[in-house]
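Everything below belongs to start35.txt, which stores compact mmCIF, C-alpha atoms.
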```
# COMPACT_ATOMS: atom_id res chain seq x y z
CA MET A 1 -1.38 9.54 -72.66
CA GLN A 2 0.38 12.63 -73.95
CA LEU A 3 1.57 15.17 -71.39
CA LEU A 4 0.98 17.80 -74.05
CA ASN A 5 -1.53 18.33 -76.82
CA THR A 6 0.95 18.72 -79.69
CA ARG A 7 -1.33 21.22 -81.46
CA ARG A 8 -0.80 23.76 -78.69
CA GLU A 9 1.66 26.62 -78.98
CA SER A 10 2.67 26.39 -75.32
CA TRP A 11 3.11 23.68 -72.69
CA PRO A 12 0.58 24.21 -69.86
CA VAL A 13 1.79 23.34 -66.34
CA GLY A 14 -0.26 23.62 -63.18
CA LEU A 15 0.65 25.15 -59.82
CA LEU A 16 -0.99 23.65 -56.74
CA PHE A 17 -0.18 25.99 -53.86
CA SER A 18 -2.61 27.56 -51.41
CA GLU A 19 -2.61 31.10 -50.07
CA THR A 20 -5.05 30.18 -47.28
CA SER A 21 -3.73 26.89 -45.87
CA GLN A 22 -2.01 26.23 -42.54
CA THR A 23 1.31 26.39 -44.43
CA SER A 24 0.47 29.27 -46.77
CA ALA A 25 3.69 31.18 -46.00
CA VAL A 26 5.98 28.45 -47.29
CA GLU A 27 3.58 27.55 -50.10
CA HIS A 28 3.80 31.15 -51.27
CA SER A 29 7.58 30.83 -51.42
CA GLN A 30 7.25 27.58 -53.37
CA ALA A 31 4.85 29.12 -55.87
CA CYS A 32 7.21 32.06 -56.41
CA ALA A 33 10.18 29.74 -56.94
CA THR A 34 8.17 27.71 -59.45
CA LEU A 35 7.33 30.85 -61.41
CA LEU A 36 10.96 31.99 -61.33
CA ALA A 37 12.12 28.66 -62.75
CA ILE A 38 9.43 28.79 -65.45
CA ASP A 39 10.68 32.24 -66.44
CA GLU A 40 14.24 30.89 -66.68
CA VAL A 41 13.18 27.88 -68.74
CA ASN A 42 11.25 30.10 -71.14
CA ALA A 43 14.14 32.56 -71.42
CA ALA A 44 16.29 29.61 -72.50
CA GLY A 45 13.89 28.64 -75.28
CA GLY A 46 11.25 26.72 -73.37
CA ILE A 47 10.75 23.08 -74.30
CA ASN A 48 12.20 22.89 -77.79
CA GLY A 49 10.63 26.23 -78.67
CA LEU A 50 7.39 25.80 -76.70
CA PRO A 51 7.16 28.07 -73.65
CA LEU A 52 5.87 26.70 -70.37
CA GLU A 53 2.49 28.27 -69.59
CA PRO A 54 1.81 28.46 -65.84
CA CYS A 55 -1.80 27.74 -64.92
CA ARG A 56 -2.98 28.48 -61.41
CA LEU A 57 -6.38 28.37 -59.75
CA PRO A 58 -7.28 29.49 -56.22
CA VAL A 59 -6.73 26.60 -53.81
CA GLY A 60 -8.50 26.48 -50.46
CA PRO A 61 -6.97 25.26 -47.21
CA HIS A 62 -8.21 21.66 -47.22
CA PRO A 63 -7.00 18.51 -49.04
CA ASP A 64 -10.23 18.33 -51.06
CA ASP A 65 -9.51 21.85 -52.33
CA TYR A 66 -6.20 20.72 -53.84
CA CYS A 67 -7.95 17.72 -55.37
CA LEU A 68 -10.63 19.90 -56.94
CA ALA A 69 -8.05 22.34 -58.33
CA ALA A 70 -6.04 19.46 -59.82
CA GLU A 71 -9.17 18.06 -61.47
CA LYS A 72 -10.06 21.44 -62.99
CA LEU A 73 -6.53 22.04 -64.22
CA ALA A 74 -6.44 18.61 -65.87
CA ASP A 75 -9.96 18.50 -67.27
CA ASP A 76 -10.66 22.14 -68.14
CA HIS A 77 -7.16 23.45 -68.96
CA GLY A 78 -5.47 20.37 -70.44
CA VAL A 79 -2.74 20.33 -67.79
CA ARG A 80 -0.84 17.07 -67.41
CA VAL A 81 2.19 18.32 -65.44
CA LEU A 82 1.60 19.78 -61.98
CA PHE A 83 4.00 21.33 -59.51
CA GLY A 84 2.97 21.53 -55.89
CA THR A 85 0.98 20.57 -52.85
CA HIS A 86 2.76 20.89 -49.51
CA MET A 87 1.25 18.94 -46.63
CA SER A 88 1.08 15.17 -46.97
CA HIS A 89 -2.68 14.87 -46.79
CA SER A 90 -2.95 17.29 -49.72
CA ARG A 91 -0.46 15.29 -51.78
CA LYS A 92 -2.36 12.10 -51.03
CA ALA A 93 -5.62 13.78 -52.11
CA VAL A 94 -4.12 14.76 -55.47
CA LEU A 95 -2.39 11.47 -56.33
CA PRO A 96 -5.57 9.70 -57.52
CA VAL A 97 -6.21 12.62 -59.89
CA VAL A 98 -2.82 12.47 -61.57
CA GLU A 99 -2.84 8.68 -61.66
CA SER A 100 -6.28 8.48 -63.27
CA ARG A 101 -5.34 11.03 -65.93
CA GLU A 102 -1.81 9.77 -66.64
CA ALA A 103 -0.49 13.12 -65.44
CA LEU A 104 2.72 13.89 -63.51
CA LEU A 105 2.99 15.60 -60.11
CA PHE A 106 6.27 17.10 -58.92
CA TYR A 107 6.15 17.32 -55.11
CA PRO A 108 8.70 19.79 -53.65
CA THR A 109 8.38 19.15 -49.93
CA LEU A 110 10.05 16.91 -47.36
CA TYR A 111 7.72 14.16 -46.23
CA GLU A 112 7.44 10.99 -44.17
CA GLY A 113 8.54 8.56 -46.89
CA PHE A 114 7.16 5.08 -47.44
CA GLU A 115 5.35 6.01 -50.64
CA PHE A 116 5.75 5.49 -54.38
CA SER A 117 3.65 6.55 -57.32
CA ARG A 118 4.62 6.19 -60.95
CA ASN A 119 2.96 9.57 -61.47
CA CYS A 120 4.81 11.48 -58.74
CA ILE A 121 8.37 12.81 -58.50
CA TYR A 122 9.40 13.58 -54.90
CA THR A 123 12.02 16.33 -54.79
CA GLY A 124 11.88 17.10 -51.05
CA ALA A 125 13.95 15.17 -48.54
CA ALA A 126 13.21 11.54 -47.72
CA PRO A 127 13.63 10.38 -44.08
CA ASN A 128 17.19 9.13 -44.53
CA GLN A 129 18.15 12.59 -45.82
CA ASN A 130 16.77 14.59 -42.88
CA SER A 131 15.43 12.45 -40.00
CA VAL A 132 18.61 10.40 -39.79
CA PRO A 133 21.13 13.28 -39.71
CA LEU A 134 18.95 15.26 -37.32
CA ALA A 135 18.54 12.33 -34.92
CA ARG A 136 22.28 11.64 -35.05
CA HIS A 137 23.10 15.27 -34.25
CA LEU A 138 20.60 15.48 -31.40
CA LEU A 139 21.77 12.24 -29.82
CA ARG A 140 25.42 13.20 -30.02
CA HIS A 141 25.12 16.79 -28.86
CA HIS A 142 21.91 17.27 -26.87
CA GLY A 143 20.85 14.08 -25.14
CA ARG A 144 18.67 10.98 -25.35
CA ARG A 145 15.40 12.14 -23.79
CA VAL A 146 12.98 13.46 -26.41
CA PHE A 147 9.42 14.79 -26.28
CA PHE A 148 7.26 14.68 -29.44
CA ILE A 149 4.70 17.36 -30.23
CA GLY A 150 2.89 17.49 -33.56
CA ASN A 151 -0.25 18.41 -35.40
CA ASN A 152 -2.67 15.54 -35.74
CA TYR A 153 -2.12 14.42 -39.33
CA VAL A 154 -0.21 11.84 -41.31
CA PHE A 155 3.23 13.51 -41.52
CA ALA A 156 3.45 14.08 -37.77
CA HIS A 157 2.50 10.52 -36.84
CA GLU A 158 4.79 8.90 -39.41
CA SER A 159 7.74 11.22 -38.84
CA ASN A 160 7.51 10.61 -35.11
CA ARG A 161 7.40 6.86 -35.70
CA ILE A 162 10.66 7.12 -37.64
CA MET A 163 12.27 9.39 -35.04
CA ARG A 164 11.20 7.04 -32.25
CA ASP A 165 12.91 4.14 -34.04
CA LEU A 166 16.09 6.16 -34.47
CA PHE A 167 16.24 7.27 -30.82
CA GLU A 168 15.51 3.78 -29.55
CA GLN A 169 18.29 2.32 -31.74
CA ALA A 170 20.66 4.53 -29.74
CA GLU A 171 19.09 3.65 -26.39
CA GLY A 172 17.24 6.95 -26.27
CA GLN A 173 13.83 7.48 -24.68
CA VAL A 174 10.63 9.13 -25.87
CA VAL A 175 9.31 10.67 -22.65
CA GLY A 176 6.10 12.11 -24.12
CA GLU A 177 4.08 12.27 -27.34
CA VAL A 178 1.20 14.69 -27.96
CA TYR A 179 -0.80 15.59 -31.07
CA LEU A 180 -2.86 18.75 -31.35
CA PRO A 181 -5.41 19.77 -33.99
CA PHE A 182 -4.45 22.63 -36.28
CA GLY A 183 -5.10 25.89 -34.48
CA ALA A 184 -5.62 24.18 -31.13
CA PRO A 185 -6.81 26.40 -28.24
CA ASP A 186 -4.10 28.17 -26.26
CA ASP A 187 -5.07 26.20 -23.17
CA ASP A 188 -4.25 22.93 -24.93
CA LEU A 189 -0.83 24.24 -25.93
CA SER A 190 -0.25 25.45 -22.36
CA ASP A 191 -1.03 21.95 -21.10
CA VAL A 192 1.63 20.51 -23.41
CA ILE A 193 4.20 23.04 -22.21
CA ALA A 194 3.36 22.09 -18.62
CA LYS A 195 4.07 18.44 -19.47
CA ILE A 196 7.39 19.43 -21.00
CA GLU A 197 8.28 21.41 -17.87
CA ALA A 198 7.44 18.41 -15.69
CA LEU A 199 9.29 15.84 -17.82
CA ARG A 200 12.34 18.04 -18.65
CA PRO A 201 13.36 16.38 -21.93
CA ASP A 202 16.65 17.22 -23.62
CA VAL A 203 14.94 17.76 -26.99
CA ILE A 204 11.46 18.73 -28.15
CA TYR A 205 10.97 17.23 -31.60
CA SER A 206 8.27 19.27 -33.33
CA THR A 207 6.08 18.14 -36.19
CA VAL A 208 3.90 21.17 -35.67
CA VAL A 209 3.60 23.10 -38.94
CA GLY A 210 2.80 26.53 -40.29
CA SER A 211 1.24 29.14 -38.03
CA ASP A 212 1.14 26.75 -35.06
CA THR A 213 4.95 26.71 -35.13
CA ILE A 214 5.14 30.34 -34.05
CA ARG A 215 2.68 29.65 -31.22
CA LEU A 216 4.80 26.74 -30.02
CA HIS A 217 8.00 28.80 -29.96
CA ARG A 218 6.24 31.64 -28.16
CA ALA A 219 4.92 29.26 -25.50
CA PHE A 220 8.32 27.60 -25.06
CA ALA A 221 10.41 30.79 -25.00
CA GLY A 222 10.23 31.57 -21.29
CA THR A 223 10.27 28.04 -19.88
CA ARG A 224 12.67 26.57 -17.37
CA SER A 225 13.32 23.80 -19.89
CA ARG A 226 14.68 26.22 -22.45
CA ALA A 227 16.73 28.04 -19.84
CA GLY A 228 18.15 24.65 -18.82
CA GLY A 229 19.34 23.85 -22.33
CA ALA A 230 16.45 21.98 -23.95
CA VAL A 231 16.03 22.72 -27.66
CA ILE A 232 13.26 22.50 -30.22
CA ALA A 233 14.21 20.63 -33.38
CA SER A 234 12.14 20.10 -36.51
CA LEU A 235 12.19 19.10 -40.14
CA ALA A 236 9.23 21.27 -41.08
CA THR A 237 10.14 24.68 -39.60
CA ASN A 238 11.90 26.96 -42.06
CA GLU A 239 12.76 30.53 -43.02
CA ALA A 240 9.10 31.37 -43.69
CA ASP A 241 8.42 30.60 -40.04
CA LEU A 242 11.49 32.50 -38.82
CA ALA A 243 10.21 35.56 -40.69
CA GLN A 244 7.25 35.57 -38.27
CA MET A 245 9.47 35.36 -35.17
CA ASP A 246 12.53 37.06 -33.74
CA ALA A 247 15.64 35.66 -32.13
CA GLU A 248 14.05 35.79 -28.68
CA LEU A 249 11.77 32.99 -29.82
CA SER A 250 13.96 31.18 -32.35
CA GLU A 251 17.60 31.29 -31.21
CA GLY A 252 19.05 27.81 -30.71
CA PHE A 253 16.37 26.08 -32.77
CA LEU A 254 17.68 23.19 -34.90
CA ALA A 255 16.52 22.01 -38.33
CA ALA A 256 17.61 19.52 -40.99
CA ALA A 257 17.20 20.42 -44.66
CA PRO A 258 19.12 20.11 -47.94
CA TRP A 259 19.32 23.91 -48.31
CA PHE A 260 19.29 26.97 -46.09
CA SER A 261 19.00 30.53 -47.34
CA THR A 262 22.35 31.47 -45.79
CA LEU A 263 24.39 29.18 -48.07
CA GLN A 264 26.88 31.24 -50.06
CA ASN A 265 27.72 29.07 -53.08
CA PRO A 266 27.24 30.67 -56.54
CA GLU A 267 24.00 28.81 -57.30
CA SER A 268 22.47 29.97 -54.02
CA GLN A 269 23.48 33.54 -54.74
CA VAL A 270 21.86 33.41 -58.18
CA PHE A 271 18.68 31.85 -56.74
CA ARG A 272 18.43 34.45 -53.95
CA ALA A 273 19.03 37.32 -56.36
CA GLY A 274 16.45 36.00 -58.81
CA MET A 275 13.79 35.50 -56.16
CA GLN A 276 14.34 38.93 -54.62
CA ALA A 277 14.42 40.71 -57.97
CA ARG A 278 11.20 39.02 -59.10
CA PHE A 279 9.23 39.00 -55.82
CA GLY A 280 10.85 41.57 -53.52
CA GLY A 281 13.49 41.54 -50.83
CA ASP A 282 11.13 40.18 -48.17
CA ILE A 283 10.34 36.92 -49.97
CA ALA A 284 10.98 33.93 -47.69
CA LEU A 285 13.65 31.63 -49.12
CA THR A 286 13.07 28.08 -47.94
CA SER A 287 14.28 24.58 -48.71
CA GLY A 288 10.81 23.86 -50.09
CA ALA A 289 11.17 26.81 -52.44
CA GLU A 290 14.59 25.58 -53.53
CA ALA A 291 13.10 22.16 -54.38
CA ALA A 292 10.19 23.82 -56.19
CA TYR A 293 12.77 25.75 -58.23
CA PHE A 294 15.06 22.92 -59.25
CA GLN A 295 12.26 20.45 -60.02
CA VAL A 296 11.02 22.70 -62.84
CA HIS A 297 14.50 22.66 -64.35
CA LEU A 298 14.76 18.87 -64.03
CA PHE A 299 11.41 18.49 -65.78
CA ALA A 300 12.41 20.92 -68.53
CA GLN A 301 15.65 19.07 -69.25
CA ALA A 302 13.86 15.74 -69.42
CA ALA A 303 11.07 17.11 -71.62
CA ARG A 304 13.58 18.59 -74.05
CA GLN A 305 15.30 15.20 -74.40
CA ALA A 306 12.13 13.08 -74.63
CA GLU A 307 11.30 11.79 -78.09
CA LEU A 308 7.59 12.38 -77.46
CA PRO A 309 5.76 14.67 -74.99
CA ALA A 310 4.38 11.59 -73.24
CA LEU A 311 4.57 10.36 -69.66
CA ASP A 312 6.77 7.32 -70.29
CA ALA A 313 9.18 9.28 -72.47
CA VAL A 314 9.62 12.07 -69.92
CA LEU A 315 9.95 9.61 -67.02
CA ALA A 316 12.67 7.73 -68.91
CA ARG A 317 14.67 10.92 -69.39
CA LEU A 318 14.20 12.16 -65.83
CA ALA A 319 16.55 9.45 -64.62
CA ASP A 320 19.33 10.84 -66.82
CA VAL A 321 19.22 14.57 -66.19
CA ARG A 322 21.26 16.58 -63.68
CA PHE A 323 20.87 20.13 -62.42
CA SER A 324 23.23 22.37 -60.45
CA ALA A 325 20.74 23.42 -57.78
CA PRO A 326 21.43 25.91 -54.97
CA GLU A 327 22.11 22.97 -52.63
CA GLY A 328 24.44 21.18 -55.10
CA GLU A 329 23.98 18.93 -58.10
CA VAL A 330 20.71 16.99 -57.88
CA ARG A 331 19.31 14.07 -59.81
CA ILE A 332 16.36 11.70 -59.66
CA ASP A 333 16.65 8.08 -58.60
CA ALA A 334 14.79 6.05 -61.23
CA ALA A 335 13.85 3.24 -58.85
CA THR A 336 12.17 5.41 -56.21
CA HIS A 337 11.28 8.67 -58.01
CA HIS A 338 13.02 10.55 -55.18
CA CYS A 339 16.05 12.85 -55.45
CA TRP A 340 19.68 12.56 -54.44
CA LEU A 341 20.02 15.50 -52.02
CA TRP A 342 22.57 17.19 -49.74
CA PRO A 343 21.66 16.81 -46.02
CA ARG A 344 22.53 19.72 -43.73
CA ILE A 345 21.87 20.76 -40.13
CA GLY A 346 21.11 24.40 -39.36
CA ARG A 347 20.95 26.22 -36.02
CA VAL A 348 19.29 29.61 -35.59
CA ASN A 349 21.69 32.29 -34.36
CA ASP A 350 21.07 35.53 -32.47
CA GLN A 351 20.30 37.24 -35.78
CA ASN A 352 17.32 34.93 -36.37
CA ALA A 353 19.08 33.19 -39.26
CA PHE A 354 20.21 29.63 -39.86
CA GLU A 355 23.90 28.84 -39.46
CA VAL A 356 24.87 25.60 -41.19
CA ILE A 357 26.64 23.52 -38.55
CA GLU A 358 26.77 20.22 -40.47
CA ASP A 359 27.25 20.11 -44.22
CA ALA A 360 27.16 17.12 -46.57
CA THR A 361 30.22 16.57 -48.76
CA ALA A 362 28.27 14.62 -51.39
CA PRO A 363 24.63 14.02 -52.32
CA VAL A 364 22.88 11.20 -50.46
CA LYS A 365 20.87 8.54 -52.26
CA PRO A 366 17.19 8.55 -51.23
CA GLU A 367 15.95 5.63 -49.14
CA PRO A 368 12.25 6.42 -48.70
CA TYR A 369 11.60 3.02 -47.14
CA MET A 370 14.60 3.18 -44.77
CA VAL A 371 15.43 -0.44 -45.60
CA GLU A 372 19.20 -0.03 -45.42
CA HIS A 373 19.57 2.27 -42.43
CA SER A 374 20.84 1.42 -38.98
CA PHE A 375 22.75 3.53 -36.47
CA GLY A 376 24.31 0.39 -35.06
CA GLY A 377 26.84 0.68 -32.25
CA ASP A 378 28.82 3.50 -33.85
CA LEU A 379 26.53 6.25 -32.63
CA ILE A 380 26.37 4.93 -29.11
CA SER A 381 30.16 4.74 -28.82
CA HIS A 382 30.54 8.36 -29.95
CA ALA A 383 27.69 9.84 -27.92
```
So, in terms of structure tokens, how does the structure I just supplied come out?
Amino acid sequence: MQLLNTRRESWPVGLLFSETSQTSAVEHSQACATLLAIDEVNAAGGINGLPLEPCRLPVGPHPDDYCLAAEKLADDHGVRVLFGTHMSHSRKAVLPVVESREALLFYPTLYEGFEFSRNCIYTGAAPNQNSVPLARHLLRHHGRRVFFIGNNYVFAHESNRIMRDLFEQAEGQVVGEVYLPFGAPDDDLSDVIAKIEALRPDVIYSTVVGSDTIRLHRAFAGTRSRAGGAVIASLATNEADLAQMDAELSEGFLAAAPWFSTLQNPESQVFRAGMQARFGGDIALTSGAEAAYFQVHLFAQAARQAELPALDAVLARLADVRFSAPEGEVRIDAATHHCWLWPRIGRVNDQNAFEVIEDATAPVKPEPYMVEHSFGGDLISHA
């Protein structure tokens, strides 16, 4: 099927981001970055003279809402290229829509891995690009006793499974594992903090997301565990969350991501300036937004080179294109549909901003199925 009706005078693309979901703050940043990239593509001539036409419908907070919006964009607006979704259960709700309509979804968010769809391009970090470097850093610098807390959905369970495997490879120990519903009562969160205080782990690995992240940091801030050196670490907490906290709650927090807003390379400076000029100085700049930005440019390059505006033709070209993203040069791995990315570790300083404390020297090939990874004895000997 064609990704574009060739009689049109523009190329419609859909945005699937919610302003009312659990993760609306970061989804807002991703939507803004998508629109910025569309503006840049169109300023450069669009797709061989055809401008990209952003199409966006209101999306509710639930997975079915993303599914419904994707169906309407495809069936009523002729959209066959979509950028978006954030949480894993929303992505999974949309995949049957794009697969049944021979459409293409670009997914700009880290996730739990272990997935492939011919109709999806995954531009967020795979587990070997964030779970592995974060686990290595925690084990080497903070200790081997870890407590898991997460929201009760697919990403949290699967990410914790991966992190458990990594810690146990290095003779670490998971001392507790708790899952809470989104927006759980304060008493439930207090019970978890009491368990942490009793168990005194070295690390709290959080797969809590969105607004619940701020509640977790607030509950943890005054604990004996924090005063004793325990840290919260996460893959999912980002600058949109920091914007809702201050250093009293966030200082010392650790995250793994391909990009942090404090990076000072030229591409990051251009991206920051573009986002702030277009959307205001208070716009949250996140790794998810960075992926949402560069994936539009990767698509545009591939579409320009494709002989036909069809799925197979664009997919074939996606494996060949490169883009100098804010994190570094990125490209898509043809075998997995995931991106080569630049793993980094960030720690929040007393100014409530990420300092990059570990920085990749080259992009890392995605291994969404973790088939080649093992810490082996090297980590244990250096711990």
Quiz item: What is the CA of Ile196 in chain A-CA of Ala243 in chain A distance in Å, reported with one decimal?
Solution: 25.6 Å
Self-check item: Selected residue, from A:Ile38, A:Val98, A:Ile162, A:Leu52, that lies nearest to Ser10 in chain A when counting all atoms listed in the file
Solution: A:Leu52
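Each of A:Val330, A:Ala135, A:Cys55, A:Ala247 was checked against Asn352 in chain A using all atoms listed in the file; the smallest atom-to-atom distance is that of A:Ala247.
Taking CA of Gly288 in chain A as the reference point, CA of Arg226 in chain A is found at 28.0 Å.
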Practice problem: Give me the residues within 8 Å of range 22-36 of chain A as a VMD selection string, counting only C-alpha atoms and dropping any in the same chain fewer than 3 places off. | Solution: chain A and resid 15 17 to 19 39 to 40 54 61 83 to 87 108 182 209 to 211 240 to 241 274 to 275 278 to 279 283 to 286 288 to 290 292 to 293 296
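Nearest-residue note for Cys67 in chain A: choosing from A:Asn152, A:Ser90, A:Ser206, A:Ser100, the minimum distance belongs to A:Ser90, counting only C-alpha atoms.
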Around all of range 181-186 of chain A's listed atoms, make the axis-aligned box with 4 Å on each side and tell me centre and edge lengths in Å to one decimal, as JSON.
```
{"center_x": -5.5, "center_y": 24.0, "center_z": -31.3, "size_x": 10.7, "size_y": 16.4, "size_z": 18.0}
```
Practice problem: Could you jot down the CA of Gly252 in chain A to CA of Ala221 in chain A separation for me, Å, one decimal place? | Solution: 10.8 Å
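In terms of minimum interatomic distance to Tyr205 in chain A, A:Arg145 ranks closest within A:His297, A:Arg347, A:Arg145, A:His338, counting all atoms listed in the file.
Residue nearest Val154 in chain A within the list A:Arg140, A:Lys195, A:Arg118, A:Lys92: A:Lys92 [criterion: smallest interatomic distance, all atoms listed in the file].
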